[in-house]
Amino acid sequence: MSRPRRDRREPATTYRLPLRGRLTLTTTVLFAVLGAGLLLLNWLSSRQLIEDNRYLVVRAADLLPAEPPGVPDTGPLDPGQSPLPLPPNTSQAVPTTPSEAFEDFQQRILDDLLTRSVLLLALFAVLAALLAWWTGRRSLHRLTRVTATARRISTGSTLAERLDLTGPHDEVRELGDTFDAMLDRLERSFTAQRDFTAHASHELRTPLTVQRTALEIPLAQGRVPEDLKPALHRALDANARTERLIDALLTLARGESATLTPHPVDLADIAGDAVEDLAEEARTAAVRVTVRPAPAPVEGDPSLLRQIALNLLANAVRHNHPGGTATITTGVVEELAFIEVVNTGPVVDPEDVPGLFEPFRRGSPSRSKGLGLGLAVVRAITLTHHGKVTAAPRDGGGLSVRVDLPPSGVRR
């Protein structure tokens with residue numbers, strides 16, 4: 001079996017920030033850019049205002065002596081007289097002319113304005129980031145709920161769950177309502193399909209029973225010529241195969257219906273019953289069956305859970321070779337009850353394993369026995385009981401299939 005070719009148009013997987021992070025980053029960057037623009041305009045406006053009122057500063061400098069703080073007033077300086085010495089800790093020269101006084105005043109005001117504006121911009125940028133993160137979290141909460149519900153439905157066995165989003169009628173609410181409408185249509189479609197399968201299978205039982213009776217009675221009474229007996233036996237075999245197929249379809253439909261009558265069940269007892277039921281078939285196939293029971297209490301439909309054990313063990317016996325082995329084990333591991341069947345047999349390609357759980361898929365030609373529904377029924381019943389089924393090929397041939405179920409008293 002060749003591997004499916006990967007679509008070349010499929011983009012490479014790259015890491016991207018979550019939507020909430022992108023909203024937060026975008027809001028923060030926009031705030032910073034607009035704040036920086038506002039800061040620049042504020043600085044230029046302040047410079048222009050100071051320049052427009054230059055004459056006021058110049059007039060004040062002409063009327064008042066330009067002296068540093070803490071220096072006693074000695075009156076205006078005479079022409080050619082040096083200014084008084086600077087006070088301690090004064091690093092900047094004291095302006096001595098009105099123009100220098102204005103320049104000093106302007107520089108001090110603009111520097112102080114710029115420093116304070118930058119600090120305020122940084123503070124408000126942090127506040128904007130926190131506010132954007134909080135707003136994004138609240139806005140995307142319902143979208144997160146949509147994703148979580150879709151994930152549960154995609155990995156579960158029921159389409160009965162709905163979002164039923166509340167809140168404003170925005171894009172997220174519209175998405176949730178559309179998703180619920182899609183689930184309604186899918187549930188109706190799947191329910192109609194299961195009902196059709198169940199009804200059709202049930203209706204086919206009666207004519208098959210009539211046909212089997214019509215074939216068995218002449219054979220039992222010896223009223224069939226010898227040359228016709230092989231044909232009648234082949235017809236009986238085909239009839240029996242069809243009945244098994246119908247029974248499997250009914251079980252599959254019931255397993256997918258998700259209508260259970262849960263009762264306490266121990267998988268160890270179910271495994272023992274399956275070994276007894278298939279003991280004659282195992283002897284005929286020369287397959288040695290070993291059971292390793294350990295307590296594995298669960299809650300579920302006893303008849304459906306029994307079908308899991310029967311199908312797994314029947315699969316292990318029928319797809320084996322003379323002198324092979326099949327081991328069925330039960331127990332509890334990591335708070336999950338399990339039943340596992342390991343068997344020898346033909347080599348199974350790992351790429352064929354997922355297809356074994358599809359209806360009427362038998363994998364390689366070496367697994368052409370059976371109806372192709374055994375593992376499909378196992379998967380349907382397992383998902384209905386909120387469990388998980390896994391399979392893996394064994395080294396040297398054969399298969400290992402394990403079903404994990406929630407233990408008794410645990411509901412998922």
# chains A, B, ... in the order shown; residues from 1 in each chain; ligands from 1

$ residues_around --residues "segment 386-400 of chain A" --least-positions-apart "5" --cutoff "6 Å" --atoms "only C-alpha atoms" --output "tab-separated table (two decimals) with C-alpha atoms, in the first residue's frame"
chain	number	residue	atom	x	y	z
A	341	VAL	CA	-6.10	-9.41	23.31
A	342	VAL	CA	-2.71	-10.31	21.84
A	343	ASN	CA	-2.40	-12.97	19.17
A	344	THR	CA	0.11	-14.48	16.79
A	345	GLY	CA	-0.57	-14.68	13.10
A	346	PRO	CA	0.39	-13.14	9.76
A	347	VAL	CA	2.48	-10.00	9.66
A	348	VAL	CA	0.32	-6.86	9.70
A	405	LEU	CA	-12.75	2.11	29.67

$ closest_residue --among "A:Ile381, A:Leu143, A:Leu165, A:Ala376" --to "Gln307 of chain A" --atoms "only C-alpha atoms"
A:Ile381

$ atom_distance --atom1 "atom CA of Ala326 of chain A" --atom2 "atom CA of Leu267 of chain A"
17.0 Å

$ residues_around --residues "segment 171-187 of chain A" --least-positions-apart "6" --cutoff "7 Å" --atoms "only C-alpha atoms" --output "PyMOL selection string"
chain A and resi 142-143+146+159+162-163+165

$ write_last_selection --atoms "N, CA, C and O atoms" --output "PDB file, in the first residue's frame"
ATOM      1  N   ARG A 142     -15.876  32.997  24.566  1.00  0.00           N
ATOM      2  CA  ARG A 142     -16.875  32.163  23.904  1.00  0.00           C
ATOM      3  C   ARG A 142     -16.279  31.433  22.707  1.00  0.00           C
ATOM      4  O   ARG A 142     -16.667  30.301  22.404  1.00  0.00           O
ATOM      5  N   LEU A 143     -15.321  32.075  22.017  1.00  0.00           N
ATOM      6  CA  LEU A 143     -14.665  31.381  20.909  1.00  0.00           C
ATOM      7  C   LEU A 143     -13.864  30.191  21.414  1.00  0.00           C
ATOM      8  O   LEU A 143     -13.821  29.135  20.778  1.00  0.00           O
ATOM      9  N   VAL A 146     -16.251  27.425  21.913  1.00  0.00           N
ATOM     10  CA  VAL A 146     -16.597  26.777  20.643  1.00  0.00           C
ATOM     11  C   VAL A 146     -15.527  25.754  20.263  1.00  0.00           C
ATOM     12  O   VAL A 146     -15.831  24.617  19.880  1.00  0.00           O
ATOM     13  N   LEU A 159     -23.327  13.315  19.151  1.00  0.00           N
ATOM     14  CA  LEU A 159     -23.516  14.642  18.575  1.00  0.00           C
ATOM     15  C   LEU A 159     -24.598  15.402  19.323  1.00  0.00           C
ATOM     16  O   LEU A 159     -25.107  16.401  18.814  1.00  0.00           O
ATOM     17  N   ARG A 162     -24.400  20.676  22.541  1.00  0.00           N
ATOM     18  CA  ARG A 162     -24.561  21.930  21.814  1.00  0.00           C
ATOM     19  C   ARG A 162     -23.861  23.055  22.562  1.00  0.00           C
ATOM     20  O   ARG A 162     -23.623  22.971  23.770  1.00  0.00           O
ATOM     21  N   LEU A 163     -23.575  24.140  21.833  1.00  0.00           N
ATOM     22  CA  LEU A 163     -22.896  25.284  22.437  1.00  0.00           C
ATOM     23  C   LEU A 163     -23.856  26.131  23.256  1.00  0.00           C
ATOM     24  O   LEU A 163     -23.581  26.486  24.396  1.00  0.00           O
ATOM     25  N   LEU A 165     -24.623  29.340  22.994  1.00  0.00           N
ATOM     26  CA  LEU A 165     -23.917  30.542  23.439  1.00  0.00           C
ATOM     27  C   LEU A 165     -24.907  31.635  23.833  1.00  0.00           C
ATOM     28  O   LEU A 165     -25.980  31.776  23.243  1.00  0.00           O
TER      29      LEU A 165
END

$ residues_around --residues "Ala286 of chain A" --least-positions-apart "5" --cutoff "12 Å" --atoms "only C-alpha atoms" --output "number ranges by chain"
A: 279-281, 317-326

$ write_last_selection --atoms "all heavy atoms" --output "compact mmCIF listing (two decimals), in the first residue's frame"
# COMPACT_ATOMS: atom_id res chain seq x y z
N ALA A 279 -14.30 -21.57 22.73
CA ALA A 279 -13.37 -22.68 22.99
C ALA A 279 -13.38 -23.69 21.85
O ALA A 279 -12.31 -24.15 21.40
CB ALA A 279 -13.73 -23.36 24.31
N GLU A 280 -14.56 -24.05 21.34
CA GLU A 280 -14.64 -25.04 20.26
C GLU A 280 -14.00 -24.51 18.98
O GLU A 280 -13.27 -25.23 18.29
CB GLU A 280 -16.10 -25.40 20.01
CG GLU A 280 -16.30 -26.50 18.95
CD GLU A 280 -15.63 -27.81 19.35
OE1 GLU A 280 -15.55 -28.09 20.58
OE2 GLU A 280 -15.19 -28.55 18.44
N GLU A 281 -14.26 -23.25 18.65
CA GLU A 281 -13.66 -22.67 17.45
C GLU A 281 -12.14 -22.59 17.57
O GLU A 281 -11.42 -22.83 16.60
CB GLU A 281 -14.24 -21.27 17.20
CG GLU A 281 -13.72 -20.62 15.93
CD GLU A 281 -14.40 -19.29 15.64
OE1 GLU A 281 -15.38 -18.95 16.34
OE2 GLU A 281 -13.93 -18.59 14.72
N VAL A 317 -8.51 -15.45 17.00
CA VAL A 317 -8.52 -16.88 16.64
C VAL A 317 -8.58 -17.05 15.12
O VAL A 317 -7.86 -17.88 14.54
CB VAL A 317 -9.69 -17.60 17.33
CG1 VAL A 317 -9.84 -19.01 16.79
CG2 VAL A 317 -9.49 -17.62 18.84
N ARG A 318 -9.44 -16.29 14.47
CA ARG A 318 -9.65 -16.48 13.04
C ARG A 318 -8.49 -15.97 12.20
O ARG A 318 -8.22 -16.52 11.13
CB ARG A 318 -10.95 -15.79 12.63
CG ARG A 318 -12.19 -16.44 13.24
CD ARG A 318 -13.42 -15.58 13.09
NE ARG A 318 -14.56 -16.17 13.81
CZ ARG A 318 -15.71 -15.53 14.02
NH1 ARG A 318 -15.87 -14.27 13.56
NH2 ARG A 318 -16.68 -16.12 14.68
N HIS A 319 -7.82 -14.94 12.66
CA HIS A 319 -6.69 -14.39 11.91
C HIS A 319 -5.39 -14.86 12.57
O HIS A 319 -4.53 -14.06 12.93
CB HIS A 319 -6.76 -12.86 11.88
CG HIS A 319 -8.03 -12.34 11.30
ND1 HIS A 319 -8.35 -12.47 9.96
CD2 HIS A 319 -9.08 -11.72 11.86
CE1 HIS A 319 -9.53 -11.94 9.74
NE2 HIS A 319 -10.00 -11.47 10.88
N ASN A 320 -5.27 -16.17 12.71
CA ASN A 320 -4.11 -16.78 13.35
C ASN A 320 -3.65 -17.94 12.47
O ASN A 320 -4.19 -18.16 11.38
CB ASN A 320 -4.48 -17.26 14.76
CG ASN A 320 -3.34 -17.14 15.74
OD1 ASN A 320 -2.21 -17.48 15.42
ND2 ASN A 320 -3.63 -16.65 16.94
N HIS A 321 -2.70 -18.67 12.92
CA HIS A 321 -2.25 -19.84 12.18
C HIS A 321 -2.27 -21.05 13.11
O HIS A 321 -2.24 -20.91 14.34
CB HIS A 321 -0.85 -19.61 11.62
CG HIS A 321 0.16 -19.19 12.64
ND1 HIS A 321 0.66 -20.04 13.61
CD2 HIS A 321 0.76 -17.99 12.85
CE1 HIS A 321 1.52 -19.39 14.35
NE2 HIS A 321 1.60 -18.14 13.93
N PRO A 322 -2.36 -22.26 12.57
CA PRO A 322 -2.39 -23.45 13.43
C PRO A 322 -1.17 -23.49 14.34
O PRO A 322 -0.04 -23.28 13.90
CB PRO A 322 -2.39 -24.60 12.42
CG PRO A 322 -2.97 -24.02 11.17
CD PRO A 322 -2.51 -22.59 11.14
N GLY A 323 -1.43 -23.76 15.60
CA GLY A 323 -0.37 -23.77 16.59
C GLY A 323 -0.08 -22.41 17.18
O GLY A 323 0.82 -22.27 18.03
N GLY A 324 -0.84 -21.41 16.78
CA GLY A 324 -0.65 -20.06 17.31
C GLY A 324 -1.27 -19.88 18.67
O GLY A 324 -1.89 -20.80 19.24
N THR A 325 -1.13 -18.69 19.22
CA THR A 325 -1.64 -18.40 20.56
C THR A 325 -2.46 -17.11 20.54
O THR A 325 -2.28 -16.26 19.66
CB THR A 325 -0.50 -18.24 21.57
OG1 THR A 325 0.34 -17.14 21.18
CG2 THR A 325 0.33 -19.51 21.66
N ALA A 326 -3.33 -17.00 21.51
CA ALA A 326 -4.11 -15.78 21.74
C ALA A 326 -4.25 -15.60 23.25
O ALA A 326 -4.65 -16.54 23.95
CB ALA A 326 -5.48 -15.87 21.08

$ select_by_dssp --residues "segment 275-408 of chain A" --states "strand (DSSP E or B)" --output "PyMOL selection string"
chain A and resi 288-292+297-300+325-333+336-343+388-393+399-405+407

$ write_last_selection --atoms "C-alpha atoms" --output "PDB file, in the first residue's frame"
ATOM      1  CA  ARG A 288      -4.195 -22.022  22.241  1.00  0.00           C
ATOM      2  CA  VAL A 289      -6.136 -19.394  24.180  1.00  0.00           C
ATOM      3  CA  THR A 290      -4.809 -18.077  27.498  1.00  0.00           C
ATOM      4  CA  VAL A 291      -6.793 -15.845  29.840  1.00  0.00           C
ATOM      5  CA  ARG A 292      -5.191 -13.627  32.476  1.00  0.00           C
ATOM      6  CA  PRO A 297     -15.004  -3.125  37.119  1.00  0.00           C
ATOM      7  CA  VAL A 298     -16.814  -0.811  34.712  1.00  0.00           C
ATOM      8  CA  GLU A 299     -20.324   0.491  34.161  1.00  0.00           C
ATOM      9  CA  GLY A 300     -21.969  -0.153  30.834  1.00  0.00           C
ATOM     10  CA  THR A 325      -1.640 -18.403  20.560  1.00  0.00           C
ATOM     11  CA  ALA A 326      -4.113 -15.782  21.744  1.00  0.00           C
ATOM     12  CA  THR A 327      -3.940 -14.142  25.155  1.00  0.00           C
ATOM     13  CA  ILE A 328      -6.750 -12.114  26.687  1.00  0.00           C
ATOM     14  CA  THR A 329      -5.908  -9.926  29.697  1.00  0.00           C
ATOM     15  CA  THR A 330      -7.982  -7.664  31.927  1.00  0.00           C
ATOM     16  CA  GLY A 331      -7.143  -5.278  34.745  1.00  0.00           C
ATOM     17  CA  VAL A 332      -6.914  -1.645  35.833  1.00  0.00           C
ATOM     18  CA  VAL A 333      -3.987   0.619  34.956  1.00  0.00           C
ATOM     19  CA  LEU A 336      -8.634   2.863  33.525  1.00  0.00           C
ATOM     20  CA  ALA A 337     -10.105  -0.614  33.243  1.00  0.00           C
ATOM     21  CA  PHE A 338      -8.830  -2.466  30.201  1.00  0.00           C
ATOM     22  CA  ILE A 339      -9.242  -5.628  28.184  1.00  0.00           C
ATOM     23  CA  GLU A 340      -6.432  -6.581  25.829  1.00  0.00           C
ATOM     24  CA  VAL A 341      -6.100  -9.407  23.313  1.00  0.00           C
ATOM     25  CA  VAL A 342      -2.709 -10.313  21.844  1.00  0.00           C
ATOM     26  CA  ASN A 343      -2.404 -12.969  19.167  1.00  0.00           C
ATOM     27  CA  LYS A 388     -10.476   4.283  23.759  1.00  0.00           C
ATOM     28  CA  VAL A 389      -9.346   1.423  21.538  1.00  0.00           C
ATOM     29  CA  THR A 390      -5.789   1.053  20.227  1.00  0.00           C
ATOM     30  CA  ALA A 391      -4.108  -1.559  18.068  1.00  0.00           C
ATOM     31  CA  ALA A 392      -0.517  -2.283  17.122  1.00  0.00           C
ATOM     32  CA  PRO A 393       1.145  -5.018  15.056  1.00  0.00           C
ATOM     33  CA  LEU A 399      -1.866  -8.037  16.437  1.00  0.00           C
ATOM     34  CA  SER A 400      -2.366  -6.474  19.862  1.00  0.00           C
ATOM     35  CA  VAL A 401      -5.692  -4.736  20.496  1.00  0.00           C
ATOM     36  CA  ARG A 402      -6.469  -2.949  23.764  1.00  0.00           C
ATOM     37  CA  VAL A 403      -9.691  -1.306  24.973  1.00  0.00           C
ATOM     38  CA  ASP A 404      -9.538   1.178  27.871  1.00  0.00           C
ATOM     39  CA  LEU A 405     -12.752   2.114  29.669  1.00  0.00           C
ATOM     40  CA  PRO A 407     -13.763   2.300  35.778  1.00  0.00           C
TER      41      PRO A 407
END

$ select_by_dssp --residues "segment 139-383 of chain A" --states "alpha helix (DSSP H)" --output "NGL selection string"
:A and (139-155 or 171-221 or 229-256 or 267-277 or 279-284 or 302-318 or 374-383)

$ residues_around --residues "Ala309 of chain A" --least-positions-apart "4" --cutoff "8 Å" --atoms "only C-alpha atoms" --output "PyMOL selection string"
chain A and resi 270-271+274+305+313+339

$ write_last_selection --atoms "N, CA, C and O atoms" --output "PDB file, in the first residue's frame"
ATOM      1  N   ILE A 270     -16.430 -11.076  31.775  1.00  0.00           N
ATOM      2  CA  ILE A 270     -16.774 -11.056  30.351  1.00  0.00           C
ATOM      3  C   ILE A 270     -15.712 -11.796  29.541  1.00  0.00           C
ATOM      4  O   ILE A 270     -16.021 -12.544  28.605  1.00  0.00           O
ATOM      5  N   ALA A 271     -14.440 -11.592  29.886  1.00  0.00           N
ATOM      6  CA  ALA A 271     -13.367 -12.289  29.177  1.00  0.00           C
ATOM      7  C   ALA A 271     -13.473 -13.801  29.357  1.00  0.00           C
ATOM      8  O   ALA A 271     -13.282 -14.570  28.398  1.00  0.00           O
ATOM      9  N   ALA A 274     -16.211 -15.137  27.149  1.00  0.00           N
ATOM     10  CA  ALA A 274     -15.820 -15.159  25.738  1.00  0.00           C
ATOM     11  C   ALA A 274     -14.919 -16.350  25.433  1.00  0.00           C
ATOM     12  O   ALA A 274     -15.040 -16.982  24.374  1.00  0.00           O
ATOM     13  N   LEU A 305     -20.687  -4.857  26.018  1.00  0.00           N
ATOM     14  CA  LEU A 305     -19.330  -5.111  26.498  1.00  0.00           C
ATOM     15  C   LEU A 305     -18.919  -6.565  26.243  1.00  0.00           C
ATOM     16  O   LEU A 305     -17.749  -6.842  25.961  1.00  0.00           O
ATOM     17  N   LEU A 313     -11.582 -11.613  20.694  1.00  0.00           N
ATOM     18  CA  LEU A 313     -11.053 -12.980  20.746  1.00  0.00           C
ATOM     19  C   LEU A 313     -11.316 -13.721  19.439  1.00  0.00           C
ATOM     20  O   LEU A 313     -10.448 -14.485  18.964  1.00  0.00           O
ATOM     21  N   ILE A 339      -9.238  -4.259  28.672  1.00  0.00           N
ATOM     22  CA  ILE A 339      -9.242  -5.628  28.184  1.00  0.00           C
ATOM     23  C   ILE A 339      -8.363  -5.635  26.943  1.00  0.00           C
ATOM     24  O   ILE A 339      -8.540  -4.814  26.040  1.00  0.00           O
TER      25      ILE A 339
END
